[in-house]
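First up is the structure itself, then whatever we jot down about it.
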Amino acid sequence: MRPEIAISWHRCRDQYRVDPNLSKAPAAVAEADHALEHDVVIAELGFRAAAMAHEVSTTGGIVTITDAIGRVLAQWGDPETRTVADEANLAQWFCWSEGAAGTNGMGTALMSHGPVLIRGAEHWCQAFHDWTCAGVAVRDVVTGKPIAVLNVSCWRTELPGTVGAWLGNAATMTQRVLRQRARNDGAELMAAFAQARSGSSATLAAVDPAGRVVLADDAAGVLLGIPGSSPVPDPAVRWRPELPEFIQAARFAAEQAARDPDWTGSTQIVTRLSNEPTSISFRPVFLAGHLVGNVVSFGVSEGNPLPRTAEDVPPRTQPRRMVATRENRMVLLRTPEVSFAQSDGNDVWLSTDEGLLRSTSPGLDRLETELCDSGFLRVHRQYVVNLSRIREVERRDKGELVLVMDDQARTMVPVSRRNTPTVRRALEI
């Protein structure tokens with residue numbers, strides 16, 4: 001069994017408890033919570049799916065689009081196959097998330113950061129073993145959350161040989177549109193920052209909905225542990241503050257503002273410069289009716305207070321175990337057993353006491369978020385390290401830092417220039 005299938009089955013059995021004897025997908029009972037601009041993405045995918053429908057239908061296939069919760073929105077393709085699909089509720093308004101229908105092309109794509117292929121008996125539910133499916137999710141380039149899935153399914157036949165390339169191209173072209181929109185959003189945040197700067201003496205930062213910083217003044221840069229006065233509108237390189245509490249507050253503020261455009265809020269955080277809490281306020285910024293982020297003022301308390309109690313705020317994900325794969329087995333690791341994580345394309349590899357293992361995490365950013373409160377730190381675009389497993393720190397001629405880990409190979413992990421101040425503070429060097 002392929003590792004990605006084993007991981008999906010693990011979720012279906014232990015997390016979702018999906019009945020393997022399920023014969024039909026259930027009706028969708030929830031609405032996808034997405035911004036209006038994501039409708040443009042779904043329409044774009046619909047255009048591409050309709051264009052591909054003829055080629056797919058000649059081999060008995062169907063093309064399906066779902067939203068972010070796995071609800072089928074539209075379908076094209078071979079009429080006979082669609083009739084068979086209707087018997088399993090592979091049709092509009094039925095839900096094909098993993099939690100609803102087990103391992104399948106659409107639901108498993110929502111859990112993955114790349115194309116997925118589910119063949120026959122790899123489906124969790126036996127009733128779907130006659131199907132072969134391939135799907136790919138299109139994700140928001142800022143938050144990483146899925147927006148929609150494009151999927152091709154065949155009943156008792158093989159998928160067309162061009163499906164993989166077609167799905168990849170459709171996702172790439174759609175993501176390209178999203179990246180350009182995100183850069184425009186970043187430019188709008190920078191303009192809002194400049195406007196706020198002209199009318200206020202407060203320390204300021206412009207933050208996107210994921211809690212990453214597009215622009216901060218020098219004082220805010222020091223508080224957040226990032227370079228000040230360095231604009232980064234491109235979502236791929238925006239600054240990530242070293243304060244998890246700030247990121248959590250920024251994400252909560254974005255969710256509130258997306259629901260209520262008139263919302264403003266405030267809270268308090270502790271920075272590395274002081275043990276006393278610092279007040280911060282959030283003012284949302286919109287472009288053409290959709291939220292692009294918030295301008296954050298430090299030392300200011302205006303608007304609705306953000307919730308502070310454990311009852312008000314959903315608990316952060318605190319993995320007691322990290323899940324990795326070795327051949328066809330899953331390995332459950334305690335965090336102290338992991339020295340560092342390294343990204344390799346869409347894969348994440350863990351250096352552990354048992355050697356190098358492939359993580360089940362769908363990306364290094366996700367793993368970083370899960371582990372930021374467990375003694376792990378992002379030190380490079382490709383590395384997250386366990387601070388307690390650093391054995392030595394080497395300083396190179398031009399001031400670069402290299403971390404020598406205490407794994408068996410004494411691996412040397414580079415520290416990027418932008419992360420060097422954060423690493424120095426974390427290690428108190």
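Residue numbering restarts at 1 for every chain of the structure tokens, chains are lettered A, B, ... in their displayed order, and ligands are numbered from 1 as they appear.
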For A:Ser266: contacts at 12 Å, only C-alpha atoms, fewer than 3 positions along chain excluded, given as a short mmCIF file (atom, residue, chain, number, x, y, z; two decimals) with C-alpha atoms, in the first residue's frame:
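part-v4.cif, written as the output of this step:
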```cif
data_model
loop_
_atom_site.label_atom_id
_atom_site.label_comp_id
_atom_site.auth_asym_id
_atom_site.auth_seq_id
_atom_site.Cartn_x
_atom_site.Cartn_y
_atom_site.Cartn_z
CA PHE A 246 0.53 37.43 17.34
CA ALA A 249 -4.53 36.94 16.92
CA ALA A 250 -4.03 38.11 13.32
CA PHE A 252 -8.69 35.45 14.35
CA ALA A 253 -8.96 39.14 13.40
CA GLN A 256 -13.91 38.29 12.20
CA TRP A 263 -15.26 45.02 12.75
CA ILE A 269 0.59 40.14 23.44
CA THR A 278 1.70 45.20 24.74
CA SER A 279 -1.67 46.34 23.37
CA ILE A 280 -2.31 45.88 19.65
CA SER A 281 -5.29 46.88 17.51
CA PHE A 282 -6.48 45.53 14.17
CA ARG A 283 -8.11 47.57 11.41
CA PRO A 284 -9.23 45.54 8.37
CA ASN A 294 -5.21 44.17 8.66
CA VAL A 295 -3.17 47.19 9.64
CA VAL A 296 -1.93 46.53 13.19
CA SER A 297 -1.19 49.39 15.60
CA PHE A 298 1.05 48.71 18.61
CA GLY A 299 0.43 50.45 21.92
CA VAL A 300 -3.16 51.14 20.90
CA SER A 301 -6.32 49.48 22.28
CA GLU A 302 -9.32 50.16 20.04
CA GLY A 303 -12.27 48.03 18.96
CA ASN A 304 -13.70 44.78 20.25
CA PRO A 305 -11.44 42.78 22.58
CA LEU A 306 -10.28 39.47 21.14
CA PRO A 307 -11.15 36.42 23.28
CA ARG A 308 -8.45 35.44 25.74
#
```
message = From a backbone DSSP assignment, name each residue in stretch 91-260 of chain A labelled helix (DSSP H, G or I), as an MDAnalysis selection string.
response = chainID A and resid 98:101 105:110 120:122 126:128 163:198 218:224 235:237 244:259
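Take the candidates A:Val237, A:Val385, A:Leu189, A:Val379 and check each one against A:Ala341 using only C-alpha atoms; the shortest distance goes to A:Val385.
Take the candidates A:Val138, A:Gly105, A:Gly77, A:Ala100 and check each one against A:His38 using only C-alpha atoms; the shortest distance goes to A:Val138.
Of the residues under consideration (A:Leu364, A:Val152, A:Leu387, A:Val415), A:Leu387 shows the shortest atom-to-atom contact distance to A:Pro336 when counting only C-alpha atoms.
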message = For A:Gly293, find every residue with an atom within 10 Å (counting only C-alpha atoms), except residues of its own chain fewer than 2 positions away, and show them as a PyMOL selection string.
response = chain A and resi 185-186+188-189+192+206-214+250-251+253-255+257-258+282-287+290-291+295-296
With N, CA and C atoms retained, export the selected residues as a PDB file, in the first residue's frame.
```pdb
ATOM      1  N   ASP A 185      -3.202  42.293  -3.665  1.00  0.00           N
ATOM      2  CA  ASP A 185      -3.662  42.488  -2.292  1.00  0.00           C
ATOM      3  C   ASP A 185      -2.525  43.019  -1.412  1.00  0.00           C
ATOM      4  N   GLY A 186      -1.318  42.472  -1.624  1.00  0.00           N
ATOM      5  CA  GLY A 186      -0.163  42.946  -0.854  1.00  0.00           C
ATOM      6  C   GLY A 186       0.128  44.407  -1.120  1.00  0.00           C
ATOM      7  N   GLU A 188      -2.081  46.611  -1.970  1.00  0.00           N
ATOM      8  CA  GLU A 188      -3.144  47.376  -1.305  1.00  0.00           C
ATOM      9  C   GLU A 188      -2.864  47.498   0.196  1.00  0.00           C
ATOM     10  N   LEU A 189      -2.353  46.443   0.796  1.00  0.00           N
ATOM     11  CA  LEU A 189      -1.980  46.500   2.212  1.00  0.00           C
ATOM     12  C   LEU A 189      -0.874  47.521   2.448  1.00  0.00           C
ATOM     13  N   ALA A 192      -2.399  50.924   2.361  1.00  0.00           N
ATOM     14  CA  ALA A 192      -3.130  51.188   3.604  1.00  0.00           C
ATOM     15  C   ALA A 192      -2.167  51.489   4.747  1.00  0.00           C
ATOM     16  N   ALA A 206       1.525  45.862   8.561  1.00  0.00           N
ATOM     17  CA  ALA A 206       0.459  45.411   7.667  1.00  0.00           C
ATOM     18  C   ALA A 206       0.561  43.896   7.559  1.00  0.00           C
ATOM     19  N   VAL A 207      -0.537  43.206   7.905  1.00  0.00           N
ATOM     20  CA  VAL A 207      -0.515  41.753   8.074  1.00  0.00           C
ATOM     21  C   VAL A 207      -1.592  41.112   7.198  1.00  0.00           C
ATOM     22  N   ASP A 208      -1.252  40.004   6.525  1.00  0.00           N
ATOM     23  CA  ASP A 208      -2.235  39.319   5.688  1.00  0.00           C
ATOM     24  C   ASP A 208      -3.103  38.386   6.537  1.00  0.00           C
ATOM     25  N   PRO A 209      -4.134  37.755   5.953  1.00  0.00           N
ATOM     26  CA  PRO A 209      -5.043  36.921   6.743  1.00  0.00           C
ATOM     27  C   PRO A 209      -4.399  35.700   7.381  1.00  0.00           C
ATOM     28  N   ALA A 210      -3.202  35.318   6.926  1.00  0.00           N
ATOM     29  CA  ALA A 210      -2.509  34.179   7.518  1.00  0.00           C
ATOM     30  C   ALA A 210      -1.577  34.597   8.654  1.00  0.00           C
ATOM     31  N   GLY A 211      -1.520  35.896   8.939  1.00  0.00           N
ATOM     32  CA  GLY A 211      -0.648  36.372  10.002  1.00  0.00           C
ATOM     33  C   GLY A 211       0.759  36.683   9.554  1.00  0.00           C
ATOM     34  N   ARG A 212       1.008  36.691   8.246  1.00  0.00           N
ATOM     35  CA  ARG A 212       2.334  37.047   7.731  1.00  0.00           C
ATOM     36  C   ARG A 212       2.381  38.542   7.421  1.00  0.00           C
ATOM     37  N   VAL A 213       3.561  39.115   7.581  1.00  0.00           N
ATOM     38  CA  VAL A 213       3.708  40.563   7.505  1.00  0.00           C
ATOM     39  C   VAL A 213       4.147  40.984   6.102  1.00  0.00           C
ATOM     40  N   VAL A 214       3.401  41.916   5.531  1.00  0.00           N
ATOM     41  CA  VAL A 214       3.739  42.489   4.229  1.00  0.00           C
ATOM     42  C   VAL A 214       4.690  43.674   4.399  1.00  0.00           C
ATOM     43  N   ALA A 250      -3.828  37.575  14.668  1.00  0.00           N
ATOM     44  CA  ALA A 250      -4.029  38.113  13.323  1.00  0.00           C
ATOM     45  C   ALA A 250      -4.992  37.242  12.518  1.00  0.00           C
ATOM     46  N   ARG A 251      -4.885  35.938  12.659  1.00  0.00           N
ATOM     47  CA  ARG A 251      -5.791  35.039  11.936  1.00  0.00           C
ATOM     48  C   ARG A 251      -7.222  35.173  12.454  1.00  0.00           C
ATOM     49  N   ALA A 253      -8.482  37.837  13.852  1.00  0.00           N
ATOM     50  CA  ALA A 253      -8.963  39.144  13.404  1.00  0.00           C
ATOM     51  C   ALA A 253      -9.419  39.084  11.947  1.00  0.00           C
ATOM     52  N   ALA A 254      -8.673  38.353  11.114  1.00  0.00           N
ATOM     53  CA  ALA A 254      -9.056  38.234   9.705  1.00  0.00           C
ATOM     54  C   ALA A 254     -10.387  37.507   9.557  1.00  0.00           C
ATOM     55  N   GLU A 255     -10.600  36.456  10.348  1.00  0.00           N
ATOM     56  CA  GLU A 255     -11.862  35.723  10.287  1.00  0.00           C
ATOM     57  C   GLU A 255     -13.037  36.609  10.698  1.00  0.00           C
ATOM     58  N   ALA A 257     -13.179  39.973  10.611  1.00  0.00           N
ATOM     59  CA  ALA A 257     -13.377  41.049   9.636  1.00  0.00           C
ATOM     60  C   ALA A 257     -14.024  40.536   8.353  1.00  0.00           C
ATOM     61  N   ALA A 258     -13.702  39.288   7.972  1.00  0.00           N
ATOM     62  CA  ALA A 258     -14.310  38.718   6.765  1.00  0.00           C
ATOM     63  C   ALA A 258     -15.818  38.556   6.936  1.00  0.00           C
ATOM     64  N   PHE A 282      -6.363  45.969  15.550  1.00  0.00           N
ATOM     65  CA  PHE A 282      -6.483  45.531  14.167  1.00  0.00           C
ATOM     66  C   PHE A 282      -7.540  46.357  13.439  1.00  0.00           C
ATOM     67  N   ARG A 283      -7.155  46.885  12.274  1.00  0.00           N
ATOM     68  CA  ARG A 283      -8.108  47.573  11.412  1.00  0.00           C
ATOM     69  C   ARG A 283      -8.086  46.889  10.051  1.00  0.00           C
ATOM     70  N   PRO A 284      -9.222  46.303   9.614  1.00  0.00           N
ATOM     71  CA  PRO A 284      -9.226  45.538   8.372  1.00  0.00           C
ATOM     72  C   PRO A 284      -9.059  46.402   7.132  1.00  0.00           C
ATOM     73  N   VAL A 285      -8.488  45.801   6.099  1.00  0.00           N
ATOM     74  CA  VAL A 285      -8.278  46.468   4.815  1.00  0.00           C
ATOM     75  C   VAL A 285      -8.962  45.630   3.737  1.00  0.00           C
ATOM     76  N   PHE A 286      -9.763  46.279   2.900  1.00  0.00           N
ATOM     77  CA  PHE A 286     -10.513  45.580   1.860  1.00  0.00           C
ATOM     78  C   PHE A 286     -10.114  46.117   0.482  1.00  0.00           C
ATOM     79  N   LEU A 287     -10.194  45.243  -0.503  1.00  0.00           N
ATOM     80  CA  LEU A 287      -9.973  45.611  -1.896  1.00  0.00           C
ATOM     81  C   LEU A 287     -11.079  44.979  -2.723  1.00  0.00           C
ATOM     82  N   HIS A 290     -13.275  42.422  -0.869  1.00  0.00           N
ATOM     83  CA  HIS A 290     -12.769  41.263  -0.142  1.00  0.00           C
ATOM     84  C   HIS A 290     -11.608  41.660   0.759  1.00  0.00           C
ATOM     85  N   LEU A 291     -11.481  40.954   1.867  1.00  0.00           N
ATOM     86  CA  LEU A 291     -10.464  41.261   2.875  1.00  0.00           C
ATOM     87  C   LEU A 291      -9.079  40.904   2.366  1.00  0.00           C
ATOM     88  N   VAL A 295      -4.233  46.312   9.164  1.00  0.00           N
ATOM     89  CA  VAL A 295      -3.166  47.188   9.643  1.00  0.00           C
ATOM     90  C   VAL A 295      -3.179  47.095  11.165  1.00  0.00           C
ATOM     91  N   VAL A 296      -2.037  46.748  11.747  1.00  0.00           N
ATOM     92  CA  VAL A 296      -1.926  46.534  13.186  1.00  0.00           C
ATOM     93  C   VAL A 296      -1.200  47.720  13.815  1.00  0.00           C
TER      94      VAL A 296
END
```
ask   = Between A:Arg391, A:Arg240, A:Arg326, A:Arg358, which is the closest to A:Cys372 once you count only C-alpha atoms?
value = A:Arg240
task = Go through stretch 179-220 of chain A and collect every residue that DSSP, computed from the backbone, puts in strand (DSSP E or B); the answer should be as a PyMOL selection string.
result = chain A and resi 203-207+213-216
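Comparing the minimum interatomic distances between A:Ala53 and each of A:Thr420, A:Trp166, A:Thr108, A:Val116, counting only C-alpha atoms, we find that A:Trp166 sits nearest.
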task = Excluding A:Ser97 and residues on its chain fewer than 2 positions from it, collect all residues at most 10 Å away from it, counting only C-alpha atoms, and give them as a ChimeraX atom specification.
result = /A:25-26,28,66-72,94-95,99-111
Please, could you write that set of residues out with N, CA and C atoms as a short mmCIF file (atom, residue, chain, number, x, y, z; two decimals), in the first residue's frame?
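This is the output file result07.cif:
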```cif
data_model
loop_
_atom_site.label_atom_id
_atom_site.label_comp_id
_atom_site.auth_asym_id
_atom_site.auth_seq_id
_atom_site.Cartn_x
_atom_site.Cartn_y
_atom_site.Cartn_z
N ALA A 25 -22.43 8.28 -0.94
CA ALA A 25 -21.98 9.48 -0.24
C ALA A 25 -23.18 10.20 0.35
N PRO A 26 -23.02 10.81 1.52
CA PRO A 26 -24.15 11.52 2.13
C PRO A 26 -24.39 12.87 1.46
N ALA A 28 -24.64 16.82 1.31
CA ALA A 28 -23.88 17.89 1.97
C ALA A 28 -24.83 18.66 2.88
N THR A 66 -15.60 20.07 -6.90
CA THR A 66 -16.19 20.21 -5.57
C THR A 66 -15.68 21.50 -4.95
N ASP A 67 -16.38 21.93 -3.89
CA ASP A 67 -15.91 23.09 -3.15
C ASP A 67 -14.98 22.64 -2.03
N ALA A 68 -14.69 23.53 -1.09
CA ALA A 68 -13.68 23.25 -0.07
C ALA A 68 -14.11 22.22 0.96
N ILE A 69 -15.40 21.88 1.02
CA ILE A 69 -15.85 20.86 1.96
C ILE A 69 -16.16 19.54 1.25
N GLY A 70 -15.81 19.45 -0.04
CA GLY A 70 -16.04 18.22 -0.78
C GLY A 70 -17.43 18.10 -1.37
N ARG A 71 -18.20 19.17 -1.38
CA ARG A 71 -19.54 19.15 -1.95
C ARG A 71 -19.45 19.29 -3.46
N VAL A 72 -20.06 18.35 -4.19
CA VAL A 72 -20.02 18.37 -5.65
C VAL A 72 -20.84 19.55 -6.17
N PHE A 94 -23.90 16.39 -3.15
CA PHE A 94 -23.50 15.34 -2.22
C PHE A 94 -22.04 15.55 -1.82
N CYS A 95 -21.68 15.07 -0.63
CA CYS A 95 -20.38 15.38 -0.04
C CYS A 95 -19.40 14.23 -0.18
N GLY A 99 -14.03 12.65 5.41
CA GLY A 99 -14.84 12.42 6.59
C GLY A 99 -16.23 11.91 6.27
N ALA A 100 -16.70 12.18 5.05
CA ALA A 100 -18.03 11.77 4.66
C ALA A 100 -18.03 10.46 3.88
N ALA A 101 -17.05 10.26 2.98
CA ALA A 101 -17.06 9.12 2.07
C ALA A 101 -15.76 8.33 2.06
N GLY A 102 -14.87 8.58 3.00
CA GLY A 102 -13.62 7.83 3.05
C GLY A 102 -12.64 8.25 1.98
N THR A 103 -11.60 7.45 1.80
CA THR A 103 -10.57 7.73 0.81
C THR A 103 -11.17 7.76 -0.60
N ASN A 104 -11.00 8.89 -1.29
CA ASN A 104 -11.46 9.03 -2.67
C ASN A 104 -10.72 10.19 -3.31
N GLY A 105 -10.80 10.32 -4.62
CA GLY A 105 -10.01 11.33 -5.31
C GLY A 105 -10.27 12.74 -4.87
N MET A 106 -11.54 13.08 -4.64
CA MET A 106 -11.89 14.45 -4.27
C MET A 106 -11.54 14.74 -2.82
N GLY A 107 -11.99 13.88 -1.91
CA GLY A 107 -11.75 14.12 -0.49
C GLY A 107 -10.29 14.04 -0.12
N THR A 108 -9.56 13.09 -0.70
CA THR A 108 -8.14 12.95 -0.37
C THR A 108 -7.33 14.09 -0.98
N ALA A 109 -7.77 14.62 -2.12
CA ALA A 109 -7.10 15.79 -2.71
C ALA A 109 -7.21 16.99 -1.78
N LEU A 110 -8.35 17.13 -1.08
CA LEU A 110 -8.52 18.24 -0.14
C LEU A 110 -7.50 18.16 1.00
N MET A 111 -7.01 16.96 1.30
CA MET A 111 -6.05 16.77 2.39
C MET A 111 -4.62 16.77 1.91
#
```
query = Neighbours of stretch 392-404 of chain A within 8 Å (only C-alpha atoms; same-chain residues fewer than 4 positions away dropped), as a ChimeraX atom specification?
reply = /A:410-417,420
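Counting only C-alpha atoms and comparing A:Gly60, A:Ser343, A:Glu242, A:Ala236, the residue that lies closest to A:Leu224 is A:Glu242.
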